[in-house]
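S.K.: My questions all concern the structure below.
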Amino acid sequence: MDRHAKVKKLSWGLSILSHIFSDLDDVSMTDPLQDASPSGARQRWLAVLAHAPRELLQRHAAALEDGEFSFLRAPEVGLTMVRARIANTGDRFNVGDATVTRCVVRHRSANGCLAAGVGYLLGRDPERAEWVARLDALLQQPEHHAQVMLDVIGPIATETARRRAAVAALTASSRVSFDTLATETSP
Amino acid sequence: MSATLASMESGFADPVHDAQQTFRVLLGAMAEPGRLFTLGPAATNGLQPSDPALRPPLSPALAAALLTLADADTPVHLSGSLATDEARAWLRFHIGARDPGKAAGLTATRARDLDRALCRQLDLGTDDAPQSSATLLLEVDALSDAPLPGAVALNLRGPGIASARNVAVAGLTAEFWRWRTTLQAHLPRGIDLVLVCDTQVVAIPRSTRIESES
């Protein structure tokens, strides 16, 4: 209980960070949307889950059967060094430490098939990392894949895109363009 | 990658507390050489899941000791029949430890795979830095504080033992114990032995003298 209170207190500070870094990784990562391989598909749904708002994840993950899952690595919070390059050029430098929560669960389907789901998230939220891992495991089970894609990933992706568009629109409303006159070079 | 992760064997059920409990037992074993310690069910429950396919590729006490003592900065060398890809992947996943492929500060093997070549590779440390020496984790066939048929009975003396202590170890050759006895002259150089069998642990640190064996 104590630990939870601590987690809550810190989370607002980190949500600011996570906004900064969600923009960062959009720029620096190769676009998984262009990648048609199976690992590209997994990257895509893990990206959707990692950026999913807490309440949406909770709504979808709370309905999952507990008995089918077991921890391979219980949720744990650690630090990771975030490195970046200014404007994507030059040498990498250390931006700073970011807290990361990770979790690995194993899912056993009705026919005995095993799948391991992985959840890595920015910030400290053991529950959220577990939900992501559970959904990732289900997405790797052929009999659940289509259903979860339709019920969970689709709506979350739409909702995340809507929120991002709203923030982008809000930012764009205060945008100032500085026009400079270019000296004409004549032929 | 997910194919191997899905079949990855379990580790500690509660990594922090299980490792603390195991560490306490190993500490006790080192402080009282030759005394038989047993790892409690709390520490080893996670290492003995009901599904045999998910059991770690190492025996409970050995698995617990490695998960407790090693980490990403502590190379662990698995030798002989312990050195499987499965076991390496398991260590890599749970604690991030790598196998350098040769005898390291922490070397683990089964008693029947132990040979002279491996013993020769073990670092005894130096007189200036005896702490740089190797710790050898040995999975033996049986451990007992009472005489065992077919086992070598050791009579131990030294720090941590009031007068003398007897322990029976099955699976290690008389030649190995002779080699261990010759190391006594090199103190503070030497190797620390941790013998494990199922969930039992006996430590024989370098400071312990083996007075007689039979």
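Letters A, B, ... go to the chains of the structure tokens in the order shown; residues in each chain start at 1; ligands are counted from 1 in the same order.
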Could you give me the residues within stretch 36-148 of chain A that DSSP places in strand (DSSP E or B), as a ChimeraX atom specification?

M.R.: /A:69-84,93-108,114-122

S.K.: Excluding stretch 13-22 of chain B and any residue of its chain fewer than 6 positions from it, enumerate the residues within 8 Å of it, using only C-alpha atoms, and give them as a PyMOL selection string.

M.R.: (chain A and resi 74) or (chain B and resi 39+42-47+64-65+67-68)

S.K.: Counting only C-alpha atoms, what is within 12 Å of B:Leu82, bar same-chain residues fewer than 5 positions away, as a ChimeraX atom specification?

M.R.: /B:56-59,62-63,76-77,87-88,90-91,99,107-114,137-139

S.K.: List the neighbours of A:Arg108 out to 8 Å using only C-alpha atoms; skip same-chain residues closer than 5 positions along the sequence, and give me the result as a PyMOL selection string.

M.R.: chain A and resi 68-69+113-115

S.K.: Would you mind exporting the chosen residues as a PDB file, in the first residue's frame, restricted to N, CA and C atoms?

M.R.:
```
ATOM      1  N   GLU A  68      -5.108 -18.138 -16.446  1.00  0.00           N
ATOM      2  CA  GLU A  68      -4.321 -18.556 -17.602  1.00  0.00           C
ATOM      3  C   GLU A  68      -2.933 -17.932 -17.610  1.00  0.00           C
ATOM      4  N   PHE A  69      -2.714 -16.953 -16.715  1.00  0.00           N
ATOM      5  CA  PHE A  69      -1.441 -16.229 -16.733  1.00  0.00           C
ATOM      6  C   PHE A  69      -0.570 -16.564 -15.530  1.00  0.00           C
ATOM      7  N   CYS A 113      -1.023 -24.284 -25.468  1.00  0.00           N
ATOM      8  CA  CYS A 113      -0.005 -23.494 -26.162  1.00  0.00           C
ATOM      9  C   CYS A 113       0.542 -22.416 -25.214  1.00  0.00           C
ATOM     10  N   LEU A 114       1.876 -22.272 -25.196  1.00  0.00           N
ATOM     11  CA  LEU A 114       2.491 -21.265 -24.324  1.00  0.00           C
ATOM     12  C   LEU A 114       2.909 -20.049 -25.140  1.00  0.00           C
ATOM     13  N   ALA A 115       2.704 -18.880 -24.566  1.00  0.00           N
ATOM     14  CA  ALA A 115       3.210 -17.653 -25.180  1.00  0.00           C
ATOM     15  C   ALA A 115       3.699 -16.748 -24.073  1.00  0.00           C
TER      16      ALA A 115
END
```

S.K.: Give as a list of chain:residue names every residue of chain B that touches chain A within 9 Å, counting only C-alpha atoms.

M.R.: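 Residues satisfying the distance criterion: B:Ser2, B:Ala3, B:Thr4, B:Leu5, B:Ala6, B:Ser7, B:Met8, B:Glu9, B:Ser10, B:Gly11, B:Phe12, B:Ala13, B:Asp14, B:Pro15, B:His94.
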
S.K.: Grab the residues selected above and save them as an mmCIF file, in the first residue's frame with N, CA and C atoms.

M.R.:
```
data_model
loop_
_atom_site.group_PDB
_atom_site.id
_atom_site.type_symbol
_atom_site.label_atom_id
_atom_site.label_comp_id
_atom_site.auth_asym_id
_atom_site.auth_seq_id
_atom_site.Cartn_x
_atom_site.Cartn_y
_atom_site.Cartn_z
ATOM 1 N N SER B 2 10.485 -15.166 -29.340
ATOM 2 C CA SER B 2 9.389 -15.431 -28.419
ATOM 3 C C SER B 2 9.193 -16.936 -28.239
ATOM 4 N N ALA B 3 9.643 -17.736 -29.217
ATOM 5 C CA ALA B 3 9.525 -19.190 -29.082
ATOM 6 C C ALA B 3 10.346 -19.670 -27.896
ATOM 7 N N THR B 4 11.532 -19.103 -27.708
ATOM 8 C CA THR B 4 12.358 -19.526 -26.587
ATOM 9 C C THR B 4 11.878 -18.890 -25.291
ATOM 10 N N LEU B 5 11.390 -17.661 -25.360
ATOM 11 C CA LEU B 5 10.919 -16.992 -24.150
ATOM 12 C C LEU B 5 9.671 -17.685 -23.605
ATOM 13 N N ALA B 6 8.817 -18.187 -24.512
ATOM 14 C CA ALA B 6 7.586 -18.850 -24.075
ATOM 15 C C ALA B 6 7.901 -20.113 -23.284
ATOM 16 N N SER B 7 9.003 -20.780 -23.632
ATOM 17 C CA SER B 7 9.343 -22.015 -22.924
ATOM 18 C C SER B 7 10.412 -21.769 -21.865
ATOM 19 N N MET B 8 10.675 -20.503 -21.542
ATOM 20 C CA MET B 8 11.677 -20.156 -20.534
ATOM 21 C C MET B 8 11.265 -20.692 -19.163
ATOM 22 N N GLU B 9 12.209 -21.353 -18.479
ATOM 23 C CA GLU B 9 11.915 -21.950 -17.190
ATOM 24 C C GLU B 9 11.798 -20.868 -16.117
ATOM 25 N N SER B 10 11.073 -21.185 -15.054
ATOM 26 C CA SER B 10 10.810 -20.204 -14.000
ATOM 27 C C SER B 10 12.069 -19.890 -13.195
ATOM 28 N N GLY B 11 12.042 -18.752 -12.526
ATOM 29 C CA GLY B 11 13.094 -18.375 -11.586
ATOM 30 C C GLY B 11 12.481 -18.255 -10.201
ATOM 31 N N PHE B 12 13.064 -17.415 -9.352
ATOM 32 C CA PHE B 12 12.494 -17.158 -8.030
ATOM 33 C C PHE B 12 11.062 -16.654 -8.166
ATOM 34 N N ALA B 13 10.195 -17.095 -7.239
ATOM 35 C CA ALA B 13 8.819 -16.594 -7.244
ATOM 36 C C ALA B 13 8.803 -15.126 -6.832
ATOM 37 N N ASP B 14 9.636 -14.799 -5.838
ATOM 38 C CA ASP B 14 9.733 -13.420 -5.359
ATOM 39 C C ASP B 14 11.221 -13.077 -5.330
ATOM 40 N N PRO B 15 11.759 -12.531 -6.420
ATOM 41 C CA PRO B 15 13.217 -12.423 -6.576
ATOM 42 C C PRO B 15 13.938 -11.793 -5.390
ATOM 43 N N HIS B 94 17.132 -14.380 -16.337
ATOM 44 C CA HIS B 94 16.741 -14.046 -14.972
ATOM 45 C C HIS B 94 17.681 -13.057 -14.298
#
```

S.K.: Using only C-alpha atoms for the distances, tell me which of B:Glu213, B:Asp198, B:Glu86, B:Glu175 is nearest to B:Pro60.

M.R.: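 With only C-alpha atoms as the atom set, the closest residue is B:Asp198.
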
S.K.: Give me, as a PyMOL selection string, the residues of stretch 10-95 of chain B that a backbone DSSP run labels helix (DSSP H, G or I).

M.R.: chain B and resi 15-31+41-47+52-54+60-69+80-82+85-95

S.K.: Those residues with N, CA and C atoms, as a short mmCIF file (atom, residue, chain, number, x, y, z; two decimals), in the first residue's frame please?

M.R.:
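Printed below is again-v6.cif as written:
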```
data_model
loop_
_atom_site.label_atom_id
_atom_site.label_comp_id
_atom_site.auth_asym_id
_atom_site.auth_seq_id
_atom_site.Cartn_x
_atom_site.Cartn_y
_atom_site.Cartn_z
N PRO B 15 11.76 -12.53 -6.42
CA PRO B 15 13.22 -12.42 -6.58
C PRO B 15 13.94 -11.79 -5.39
N VAL B 16 13.42 -10.71 -4.85
CA VAL B 16 14.16 -10.01 -3.80
C VAL B 16 14.21 -10.85 -2.51
N HIS B 17 13.03 -11.29 -2.05
CA HIS B 17 13.02 -12.00 -0.77
C HIS B 17 13.63 -13.39 -0.87
N ASP B 18 13.40 -14.07 -1.98
CA ASP B 18 13.98 -15.40 -2.14
C ASP B 18 15.50 -15.32 -2.19
N ALA B 19 16.02 -14.31 -2.87
CA ALA B 19 17.48 -14.15 -2.94
C ALA B 19 18.04 -13.79 -1.57
N GLN B 20 17.30 -12.99 -0.81
CA GLN B 20 17.76 -12.64 0.54
C GLN B 20 17.81 -13.88 1.43
N GLN B 21 16.78 -14.72 1.33
CA GLN B 21 16.75 -15.93 2.15
C GLN B 21 17.89 -16.87 1.77
N THR B 22 18.10 -17.01 0.45
CA THR B 22 19.17 -17.88 -0.02
C THR B 22 20.52 -17.33 0.43
N PHE B 23 20.67 -16.01 0.35
CA PHE B 23 21.94 -15.40 0.75
C PHE B 23 22.22 -15.66 2.22
N ARG B 24 21.17 -15.56 3.04
CA ARG B 24 21.32 -15.79 4.48
C ARG B 24 21.80 -17.23 4.72
N VAL B 25 21.25 -18.17 3.97
CA VAL B 25 21.65 -19.57 4.14
C VAL B 25 23.10 -19.76 3.70
N LEU B 26 23.48 -19.15 2.55
CA LEU B 26 24.85 -19.29 2.07
C LEU B 26 25.84 -18.65 3.04
N LEU B 27 25.42 -17.53 3.62
CA LEU B 27 26.25 -16.84 4.61
C LEU B 27 26.47 -17.74 5.82
N GLY B 28 25.39 -18.37 6.28
CA GLY B 28 25.48 -19.29 7.41
C GLY B 28 26.37 -20.47 7.09
N ALA B 29 26.24 -20.98 5.87
CA ALA B 29 27.03 -22.14 5.46
C ALA B 29 28.52 -21.80 5.43
N MET B 30 28.83 -20.58 4.96
CA MET B 30 30.23 -20.15 4.90
C MET B 30 30.79 -19.92 6.31
N ALA B 31 29.92 -19.46 7.22
CA ALA B 31 30.36 -19.17 8.58
C ALA B 31 30.56 -20.45 9.39
N PRO B 41 11.44 -23.92 1.81
CA PRO B 41 10.52 -23.99 0.69
C PRO B 41 10.22 -22.62 0.09
N ALA B 42 10.23 -21.57 0.94
CA ALA B 42 9.92 -20.24 0.42
C ALA B 42 10.91 -19.84 -0.67
N ALA B 43 12.20 -20.19 -0.46
CA ALA B 43 13.22 -19.79 -1.42
C ALA B 43 13.19 -20.63 -2.68
N THR B 44 12.75 -21.87 -2.56
CA THR B 44 12.87 -22.76 -3.72
C THR B 44 11.54 -23.09 -4.38
N ASN B 45 10.41 -22.64 -3.81
CA ASN B 45 9.12 -22.95 -4.41
C ASN B 45 9.04 -22.53 -5.87
N GLY B 46 9.50 -21.30 -6.14
CA GLY B 46 9.43 -20.78 -7.51
C GLY B 46 10.29 -21.59 -8.46
N LEU B 47 11.32 -22.27 -7.91
CA LEU B 47 12.25 -23.03 -8.76
C LEU B 47 11.77 -24.46 -8.98
N PRO B 52 6.72 -29.86 -15.14
CA PRO B 52 8.14 -30.21 -15.25
C PRO B 52 8.84 -29.49 -16.40
N ALA B 53 8.09 -29.11 -17.43
CA ALA B 53 8.71 -28.43 -18.57
C ALA B 53 9.23 -27.05 -18.18
N LEU B 54 8.71 -26.50 -17.09
CA LEU B 54 9.09 -25.13 -16.70
C LEU B 54 10.08 -25.12 -15.55
N PRO B 60 17.51 -27.26 -7.57
CA PRO B 60 17.01 -26.09 -6.83
C PRO B 60 18.08 -25.30 -6.09
N ALA B 61 18.95 -26.00 -5.34
CA ALA B 61 19.94 -25.26 -4.55
C ALA B 61 20.96 -24.56 -5.44
N LEU B 62 21.35 -25.23 -6.52
CA LEU B 62 22.33 -24.63 -7.42
C LEU B 62 21.71 -23.42 -8.12
N ALA B 63 20.47 -23.59 -8.58
CA ALA B 63 19.77 -22.51 -9.26
C ALA B 63 19.62 -21.31 -8.33
N ALA B 64 19.21 -21.59 -7.07
CA ALA B 64 19.01 -20.51 -6.10
C ALA B 64 20.34 -19.81 -5.81
N ALA B 65 21.41 -20.59 -5.66
CA ALA B 65 22.72 -19.99 -5.35
C ALA B 65 23.18 -19.09 -6.50
N LEU B 66 23.00 -19.55 -7.73
CA LEU B 66 23.44 -18.75 -8.87
C LEU B 66 22.59 -17.48 -9.01
N LEU B 67 21.27 -17.61 -8.83
CA LEU B 67 20.41 -16.42 -8.93
C LEU B 67 20.76 -15.41 -7.85
N THR B 68 21.24 -15.91 -6.70
CA THR B 68 21.55 -15.03 -5.58
C THR B 68 22.92 -14.38 -5.73
N LEU B 69 23.92 -15.16 -6.14
CA LEU B 69 25.29 -14.67 -6.11
C LEU B 69 25.70 -13.94 -7.38
N GLY B 80 30.93 -28.67 -18.04
CA GLY B 80 30.48 -30.06 -18.15
C GLY B 80 29.04 -30.14 -18.61
N SER B 81 28.29 -31.09 -18.03
CA SER B 81 26.93 -31.32 -18.50
C SER B 81 25.96 -30.22 -18.08
N LEU B 82 26.40 -29.30 -17.21
CA LEU B 82 25.55 -28.16 -16.87
C LEU B 82 25.52 -27.14 -17.99
N ASP B 85 22.70 -24.77 -23.64
CA ASP B 85 22.17 -23.49 -24.12
C ASP B 85 20.98 -23.06 -23.27
N GLU B 86 20.21 -24.07 -22.86
CA GLU B 86 19.05 -23.83 -22.02
C GLU B 86 19.44 -23.14 -20.72
N ALA B 87 20.46 -23.69 -20.06
CA ALA B 87 20.89 -23.14 -18.77
C ALA B 87 21.47 -21.73 -18.95
N ARG B 88 22.23 -21.54 -20.04
CA ARG B 88 22.81 -20.21 -20.27
C ARG B 88 21.71 -19.19 -20.53
N ALA B 89 20.72 -19.58 -21.34
CA ALA B 89 19.61 -18.66 -21.64
C ALA B 89 18.83 -18.34 -20.38
N TRP B 90 18.69 -19.35 -19.52
CA TRP B 90 17.95 -19.16 -18.27
C TRP B 90 18.65 -18.14 -17.37
N LEU B 91 19.98 -18.27 -17.22
CA LEU B 91 20.75 -17.32 -16.41
C LEU B 91 20.71 -15.93 -17.03
N ARG B 92 20.77 -15.90 -18.34
CA ARG B 92 20.78 -14.63 -19.06
C ARG B 92 19.46 -13.88 -18.84
N PHE B 93 18.37 -14.64 -18.88
CA PHE B 93 17.06 -14.00 -18.73
C PHE B 93 16.83 -13.53 -17.31
N HIS B 94 17.13 -14.38 -16.34
CA HIS B 94 16.74 -14.05 -14.97
C HIS B 94 17.68 -13.06 -14.30
N ILE B 95 18.99 -13.16 -14.55
CA ILE B 95 19.89 -12.24 -13.85
C ILE B 95 20.85 -11.51 -14.80
#
```

S.K.: Could you jot down the atom CA of B:Val201 to atom CA of B:Leu36 separation for me, Å, one decimal place?

M.R.: 6.0 Å

S.K.: Can you pull out every residue within 8 Å of B:Glu32, counting only C-alpha atoms, but drop anything in the same chain fewer than 4 positions away, and send it as a PyMOL selection string?

M.R.: chain B and resi 28+160-161+203
